[in-house]
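Working notes for the structure below.
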Amino acid sequence: MTDLPGYPSRRNFLKASAAGVALSGLAAQAKAQETTPPVPLEEYDRSYLTADEWAFVMAASARLIPSEGDGPGAIEARVPVFIDLQLAGDYGSADDWYMEGPHDPDAEPARGWQTPLSPAEIYRQAIPAFDAWCQETHGAAFAELSEELQDAALTALQNGDVGLASEIRDFFTILLANTKEGYFADPQYGGNHEMQSWVYIGFPGARAAYRAWPERHNEKYPLGPVSISGERA
Amino acid sequence: MARQEKKKDVVIVGLGWTGSIAGIELAQEGLDIVALERGHDQNTVPNFEYPQQIDELKYGVRLKMMQKPSQQTLTVRRDGGETALPYRSLGSFLPGNGVGGAGTHWNGLNWRPQEIELKLRSHVVENWGEEIIPEGMNLGDYPVSYDELEPFFTQFEKVAGISGQAGNLNGEIREGGNPFEGWRSEDYPMPPMPTTYDSAKFRDAAAAMGYHPFHAPAGIASTSYVNPYGMQMGPCNFCGFCERYGCYQYSKSSPQTAILGALKRYPNFEYRTQSEVLRVELAADGQTATGVTYWDDVAQEEVFQPADIVILSSYQLNNVHLMLLSGLGEAYNPLTGEGTLGKNYAYQMNGGVTMFFRDEEFNPFVGHGANGVCIDDFSISQNDFGAEGFIGGSYWRSGTFNGQPIRNMPLPKGTPSWGAGWKQAIGENYGHAMSIGSHGSHMSYANNHLDLDPTYTDRHGRPLMRMTFNWQDNDLKMNQFMKSKMEPLAASMNPDLMQSGFKGEGAMYDVRPYQTTHNTGGHIMGETAREGAVNRYSQSWKAHNVFAMGAGNFVQNTQYNPTGLVGGLAYHTVNAIRTQYLSNPRPLV
Ligand SMILES: Cc1cc2nc3c(=O)[nH]c(=O)nc-3n(C[C@H](O)[C@H](O)[C@H](O)COP(=O)(O)OP(=O)(O)OC[C@H]3O[C@@H](n4cnc5c(N)ncnc54)[C@H](O)[C@@H]3O)c2cc1C
Ligand code: SF4
């Protein structure tokens with residue numbers, strides 16, 4: 001490939017990432033960092049979620065993407081960290097969205113986001129409401145239930161059978177979306193730990209240079225993923 | 001009291017595709033020009049650099065290159081009986097923001113309309129008679145013809161740097177090109193892009209059924225290229241982070257790669273970012289504009305910018321909003337059909353089939369925004385409207401373009417959306433599916449229109465624009481027709497599994513899923529001031545020194561992505577300004 005003027009960093013990066021001959025400074029650094037394991041989830045210093053909310057997000061994401069079977073689960077991917085950081089940031093507070101009233105939270109779903117609450121506020125109000133439903137229906141808060149009962153409770157939540165107020169009715173939708181985002185997003189956001197989800201499905205992450213590949217038909221791309229920070233897996 | 005800036009010959013509102021075209025062409029006349037852009041400045045370096053740009057969460061999902069609804073949005077209702085509600089978070093369409101506009105993060109599919117699409121009413125009336133036009137459909141002719149626009153399509157394609165293969169060169173049909181395209185005076189500036197596996201499979205299946213496959217016309221460089229302004233592009237490497245992203249490679253056609261570098265070298269051109277135009281100011285007699293008032297986001301104050309010519313190039317939705325707020329015409333009334341501003345809002349009618357091939361490898365991350373092979377065998381010019389019972393058509397395309405896993409994870413219908421079953425399914429299916437899309441026309445209707453919302457306001461206290469829009473039977477029928485034709489083709493490829501997604505009868509507009517950012521109409525061209533808000537030169541009928549560019553000019557939408565026509569019309573307009581208006585400013589029609 002030819003480098004374009006004013007664009008020196010690219011060649012270095014590709015040299016380093018192609019087939020893994022040599023490690024670039026960036027990648028070497030990332031490898032070195034890996035020897036320091038991340039903070040265990042139990043000791044993670046939360047940015048937005050309270051202890052009870054954290055317990056819920058840990059338990060719920062573990063059922064939405066369970067650890068059993070092939071591929072990482074949400075816990076191995078550190079999805080709860082991702083969710084905590086997203087809720088603490090401008091997504092959580094709906095900074096980019098139009099949030100002026102009047103609001104019609106009862107509007108048909110096809111009309112889009114109509115609650116007065118931001119995503120972070122929905123988590124804050126919906127978790128205790130859902131926990132109360134779990135308590136009443138199954139005798140314990142969500143995080144304390146057996147896996148079978150947790151799955152049943154999440155199914156009820158998804159189907160709208162929990163009786164959440166209109167303002168927080170989209171809780172399951174955002175919880176599931178955020179869980180999948182945390183599973184597949186670049187590791188810099190706290191989830192997709194060691195790019196395990198990318199390895200699992202065969203997505204090369206931030207490689208983003210495939211000049212030789214369009215015409216290699218029906219041939220599996222052989223290289224593992226790289227992350228934006230230069231990590232490799 | 002608004003601050004007042006020094007008078008300019010020309011003020012340009014919005015520095016995306018059309019604003020950049022107006023800027024450079026009028027700068028060549030030596031005019032003193034300022035472009036006002038509400039968003040931030042951005043360029044390939046440093047804003048689109050590798051690897052920061054390769055971030056699905058930030059750009060693909062959180063949409064950090066797009067207009068923020070907190071800054072500007074609109075309200076939506078499906079019919080006059082509903083209360084319009086704000087489009088609070090982005091979904092169905094994603095207007096651009098910042099220098100380059102949506103031109104930085106588009107897919108790059110660059111089409112010309114078919115000849116008859118510009119004279120669709122006449123085509124229908126001549127062939128089947130007026131009686132096949134459904135009640136409530138505002139079917140019209142454009143006041144310009146394909147032949148008049150052809151040189152300007154060619155000019156835009158050369159500037160933008162389009163890759164493809166001519167199918168109709170001066171009337172001669174060429175093997176491998178699109179035999180149903182409008183004639184072109186020159187071949188594409190660059191040869192077509194390489195063909196990915198899904199496209200090749202589709203091409204072979206389509207050819208076996210007697211259809212006419214060709215490469216999608218792509219605003220993506222297949223080779224090194226230097227355009228007429230001296231701007232350079234380098235070949236695309238199929239990075240797969242194209243639609244919704246800026247190109248880190250100088251390969252995607254955009255205002256940045258094609259125009260802005262050259263434009264910024266003109267000493268008589270200047271641009272100001274974080275400058276959001278609030279309204280066009282009219283002279284006391286209402287016959288001309290005196291300039292624009294904008295909000296300077298840095299100084300936090302209103303500024304009056306006087307100018308002799310005002311170019312509205314702020315994207316279809318923003319143009320219509322500004323024109324409504326400024327009284328640049330009369331608001332359209334769907335009950336009487338009177339008024340023109342907001343009239344004939346239209347969109348796009350799409351569908352598709354997804355096929356799973358368990359043992360085949362598609363590498364969906366290898367792609368670009370305009371990748372693929374297309375057919376036009378069911379396009380507007382090929383369909384018998386009288387026999388089929390609808391007016392319209394579509395092009396079909398198959399080609400990987402966005403294999404990023406948060407948003408692109410096709411799974412067999414019935415797969416659980418979470419849990420062990422979901423996790424197993426993503427492992428089994430990612431990379432083993434391909435799809436064919438149908439990208440179809442959308443007609444204009446009396447009911448689908450834009451006006452000002454009675455309730456909701458923006459951060460400047462101005463009423464939001466209100467969109468009244470729903471799907472209509474005619475276009476839904478067209479979509480179902482495409483389904484009936486596409487499913488047999490897909491089946492002929494023997495997938496392990498296939499599934500269709502085509503809206504049908506009774507479908508209601510849902511603002512949540514992304515559909516297209518092909519919003520059209522609202523300041524349409526008209527033969528007379530009664531029919532449209534602007535004339536054939538995109539010149540306001542109300543104030544002759546205001547020109548409104550973009551897809552707002554479309555009388556009804558075509559079956560194609562809009563930018564080829566938007567670019568052609570923009571060059572047509574600036575040519576008229578240069579050759580007819582400057583020497584004698586007046587209504588050109
Ligand atoms: C994700 C996506 C994919 C697309 N793919 C395709 C495709 O494949 N093919 C195709 O043909 N088209 C495609 N489009 C559409 C294409 O991008 C537009 O047709 C094209 O950019 C329109 O040019 P424009 O000049 O009208 O608007 P833009 O290029 O969007 O420029 C408008 C500019 O005006 C600015 N602005 C708005 N309001 C104001 C104001 N009040 N004051 C000052 N500045 C203002 C905006 O910030 C923006 O920079 C796509 C669009 C999107 C979003
Ligand atoms: S796919 Fe090609 S044109 Fe698109 S962003 Fe990547 S390198 Fe640029």
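So you can find residues: chains in the structure tokens are A, B, ... in the order shown, residues in each start at 1, and ligands are numbered from 1 in order.
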Skip region 584-587 of chain B itself and residues of its chain fewer than 6 positions away, then list as a short mmCIF file (atom, residue, chain, number, x, y, z; two decimals) with C-alpha atoms, in the first residue's frame all residues within 8 Å of it, counting only C-alpha atoms.
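Now in selection-v8.cif:
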data_model
loop_
_atom_site.label_atom_id
_atom_site.label_comp_id
_atom_site.auth_asym_id
_atom_site.auth_seq_id
_atom_site.Cartn_x
_atom_site.Cartn_y
_atom_site.Cartn_z
CA GLN B 539 -34.23 30.50 -7.12
CA TRP B 541 -40.04 32.77 -6.28
CA HIS B 544 -34.91 36.51 -6.26
CA ASN B 545 -31.56 36.79 -4.49
#
- prompt: Could you name the residues that touch Val589 (chain B) at 9 Å or less, counting only C-alpha atoms, but leaving out those on the same chain fewer than 5 positions away, as JSON, numbers by chain?
  reply: {"B": [527, 528, 535, 536, 537, 539, 541]}
message: Residues within 10 Å of Val226 (chain B), please, as a list in words. Count only C-alpha atoms; anything in the same chain fewer than 2 positions from it doesn't count.
response: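 Once the nearby chain positions are removed, what remains is Lys158, Val159, Gly161, Pro189, Thr223, Ser224, Pro228, Tyr229, Gly230, Met231, Gln232, Met233, Gly234 and Ala258 of chain B.
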Write the residues of the selection above to a file with N, CA and C atoms, as a PDB file, in the first residue's frame.
ATOM      1  N   LYS B 158     -17.348  14.264 -11.918  1.00  0.00           N
ATOM      2  CA  LYS B 158     -15.899  14.489 -12.045  1.00  0.00           C
ATOM      3  C   LYS B 158     -15.333  15.104 -10.783  1.00  0.00           C
ATOM      4  N   VAL B 159     -16.054  16.035 -10.216  1.00  0.00           N
ATOM      5  CA  VAL B 159     -15.579  16.676  -8.994  1.00  0.00           C
ATOM      6  C   VAL B 159     -15.576  15.658  -7.853  1.00  0.00           C
ATOM      7  N   GLY B 161     -15.591  12.468  -7.967  1.00  0.00           N
ATOM      8  CA  GLY B 161     -14.739  11.301  -8.183  1.00  0.00           C
ATOM      9  C   GLY B 161     -15.542  10.023  -8.026  1.00  0.00           C
ATOM     10  N   PRO B 189     -15.547   8.846 -14.128  1.00  0.00           N
ATOM     11  CA  PRO B 189     -14.151   9.281 -13.961  1.00  0.00           C
ATOM     12  C   PRO B 189     -13.203   8.144 -13.577  1.00  0.00           C
ATOM     13  N   THR B 223      -9.090   4.116  -7.891  1.00  0.00           N
ATOM     14  CA  THR B 223      -7.691   4.333  -8.283  1.00  0.00           C
ATOM     15  C   THR B 223      -7.255   5.669  -7.685  1.00  0.00           C
ATOM     16  N   SER B 224      -6.031   6.070  -7.970  1.00  0.00           N
ATOM     17  CA  SER B 224      -5.633   7.431  -7.609  1.00  0.00           C
ATOM     18  C   SER B 224      -6.337   8.368  -8.578  1.00  0.00           C
ATOM     19  N   PRO B 228     -11.109  18.057 -11.129  1.00  0.00           N
ATOM     20  CA  PRO B 228     -10.899  19.326 -11.842  1.00  0.00           C
ATOM     21  C   PRO B 228     -10.431  20.479 -10.947  1.00  0.00           C
ATOM     22  N   TYR B 229     -10.645  20.392  -9.635  1.00  0.00           N
ATOM     23  CA  TYR B 229     -10.131  21.432  -8.742  1.00  0.00           C
ATOM     24  C   TYR B 229      -8.723  21.104  -8.248  1.00  0.00           C
ATOM     25  N   GLY B 230      -8.144  20.016  -8.763  1.00  0.00           N
ATOM     26  CA  GLY B 230      -6.797  19.630  -8.340  1.00  0.00           C
ATOM     27  C   GLY B 230      -6.765  18.842  -7.040  1.00  0.00           C
ATOM     28  N   MET B 231      -7.926  18.418  -6.565  1.00  0.00           N
ATOM     29  CA  MET B 231      -7.976  17.654  -5.308  1.00  0.00           C
ATOM     30  C   MET B 231      -7.657  16.183  -5.596  1.00  0.00           C
ATOM     31  N   GLN B 232      -6.920  15.551  -4.662  1.00  0.00           N
ATOM     32  CA  GLN B 232      -6.463  14.174  -4.891  1.00  0.00           C
ATOM     33  C   GLN B 232      -7.205  13.168  -4.026  1.00  0.00           C
ATOM     34  N   MET B 233      -7.504  12.030  -4.638  1.00  0.00           N
ATOM     35  CA  MET B 233      -8.069  10.903  -3.889  1.00  0.00           C
ATOM     36  C   MET B 233      -7.153   9.705  -4.081  1.00  0.00           C
ATOM     37  N   GLY B 234      -7.133   8.818  -3.079  1.00  0.00           N
ATOM     38  CA  GLY B 234      -6.357   7.584  -3.183  1.00  0.00           C
ATOM     39  C   GLY B 234      -7.289   6.393  -3.073  1.00  0.00           C
ATOM     40  N   ALA B 258     -12.987  16.530  -2.058  1.00  0.00           N
ATOM     41  CA  ALA B 258     -13.212  16.971  -3.433  1.00  0.00           C
ATOM     42  C   ALA B 258     -13.165  18.484  -3.625  1.00  0.00           C
TER      43      ALA B 258
END
query: Given a cut-off of 7 Å, which residues of chain A touch chain B, counting only C-alpha atoms, written out as JSON, numbers by chain?
result: {"A": [10, 63, 64, 65, 66, 70, 96, 97, 98, 99, 110, 111, 112, 113, 180, 181, 184, 185, 186, 200, 201, 206, 208, 209, 210, 211, 213, 214, 215, 217, 218, 219, 220, 221, 228]}
Could you save those same residues with C-alpha atoms as a PDB file, in the first residue's frame?
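The result, stored in out.pdb:
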ATOM      1  CA  ARG A  10      -0.786   4.260   9.176  1.00  0.00           C
ATOM      2  CA  ARG A  63     -28.352 -13.781  32.036  1.00  0.00           C
ATOM      3  CA  LEU A  64     -28.665 -11.655  28.895  1.00  0.00           C
ATOM      4  CA  ILE A  65     -25.291 -12.966  27.684  1.00  0.00           C
ATOM      5  CA  PRO A  66     -24.537 -15.978  29.858  1.00  0.00           C
ATOM      6  CA  ASP A  70     -18.998 -20.958  23.345  1.00  0.00           C
ATOM      7  CA  ASP A  96     -27.448  15.014  22.675  1.00  0.00           C
ATOM      8  CA  TRP A  97     -31.199  14.497  22.786  1.00  0.00           C
ATOM      9  CA  TYR A  98     -34.113  16.880  22.690  1.00  0.00           C
ATOM     10  CA  MET A  99     -35.604  16.572  26.176  1.00  0.00           C
ATOM     11  CA  ALA A 110     -43.113   3.758  17.013  1.00  0.00           C
ATOM     12  CA  ARG A 111     -43.084   7.455  17.998  1.00  0.00           C
ATOM     13  CA  GLY A 112     -39.623   7.042  19.523  1.00  0.00           C
ATOM     14  CA  TRP A 113     -38.169   8.144  22.859  1.00  0.00           C
ATOM     15  CA  LYS A 180     -24.775  -5.855  23.519  1.00  0.00           C
ATOM     16  CA  GLU A 181     -22.973  -2.550  22.979  1.00  0.00           C
ATOM     17  CA  PHE A 184     -19.076  -5.606  21.002  1.00  0.00           C
ATOM     18  CA  ALA A 185     -17.718  -2.049  21.411  1.00  0.00           C
ATOM     19  CA  ASP A 186     -14.018  -1.267  21.395  1.00  0.00           C
ATOM     20  CA  TYR A 200     -15.520 -15.408  19.120  1.00  0.00           C
ATOM     21  CA  ILE A 201     -17.467 -14.175  16.072  1.00  0.00           C
ATOM     22  CA  ALA A 206     -10.068  -1.851  14.159  1.00  0.00           C
ATOM     23  CA  ALA A 208      -9.865  -1.553   8.804  1.00  0.00           C
ATOM     24  CA  ALA A 209      -7.493  -2.217   5.902  1.00  0.00           C
ATOM     25  CA  TYR A 210      -8.482  -4.957   3.501  1.00  0.00           C
ATOM     26  CA  ARG A 211      -7.192  -3.916   0.101  1.00  0.00           C
ATOM     27  CA  TRP A 213      -9.538  -8.996   0.374  1.00  0.00           C
ATOM     28  CA  PRO A 214     -12.571  -8.055  -1.720  1.00  0.00           C
ATOM     29  CA  GLU A 215     -11.734 -10.542  -4.416  1.00  0.00           C
ATOM     30  CA  HIS A 217     -14.071 -15.014  -2.362  1.00  0.00           C
ATOM     31  CA  ASN A 218     -15.420 -17.453   0.172  1.00  0.00           C
ATOM     32  CA  GLU A 219     -12.137 -17.492   2.070  1.00  0.00           C
ATOM     33  CA  LYS A 220     -12.129 -16.866   5.788  1.00  0.00           C
ATOM     34  CA  TYR A 221     -10.145 -13.805   6.853  1.00  0.00           C
ATOM     35  CA  ILE A 228      -8.090   1.182  18.798  1.00  0.00           C
TER      36      ILE A 228
END
- request: Pick out the residues no farther than 6 Å from ligand 1, counting only C-alpha atoms and all ligand atoms, and list them as a PyMOL selection string.
  value: chain B and resi 13-19+36-39+94-103+105-110+243-244+275-278+313-316+318+517-518+550+561-564
message: Among region 58-189 of chain A, which ones does DSSP assign to helix (DSSP H, G or I) (computed from the backbone)? Answer as a PyMOL selection string.
response: chain A and resi 58-64+79-88+109-111+119-138+142-144+147-158+166-168+171-184+187-189
message: For a test of reading the model, state the distance in Å between CA of Ala216 (chain B) and CA of Glu117 (chain B), rounded to one decimal.
response: 19.0 Å
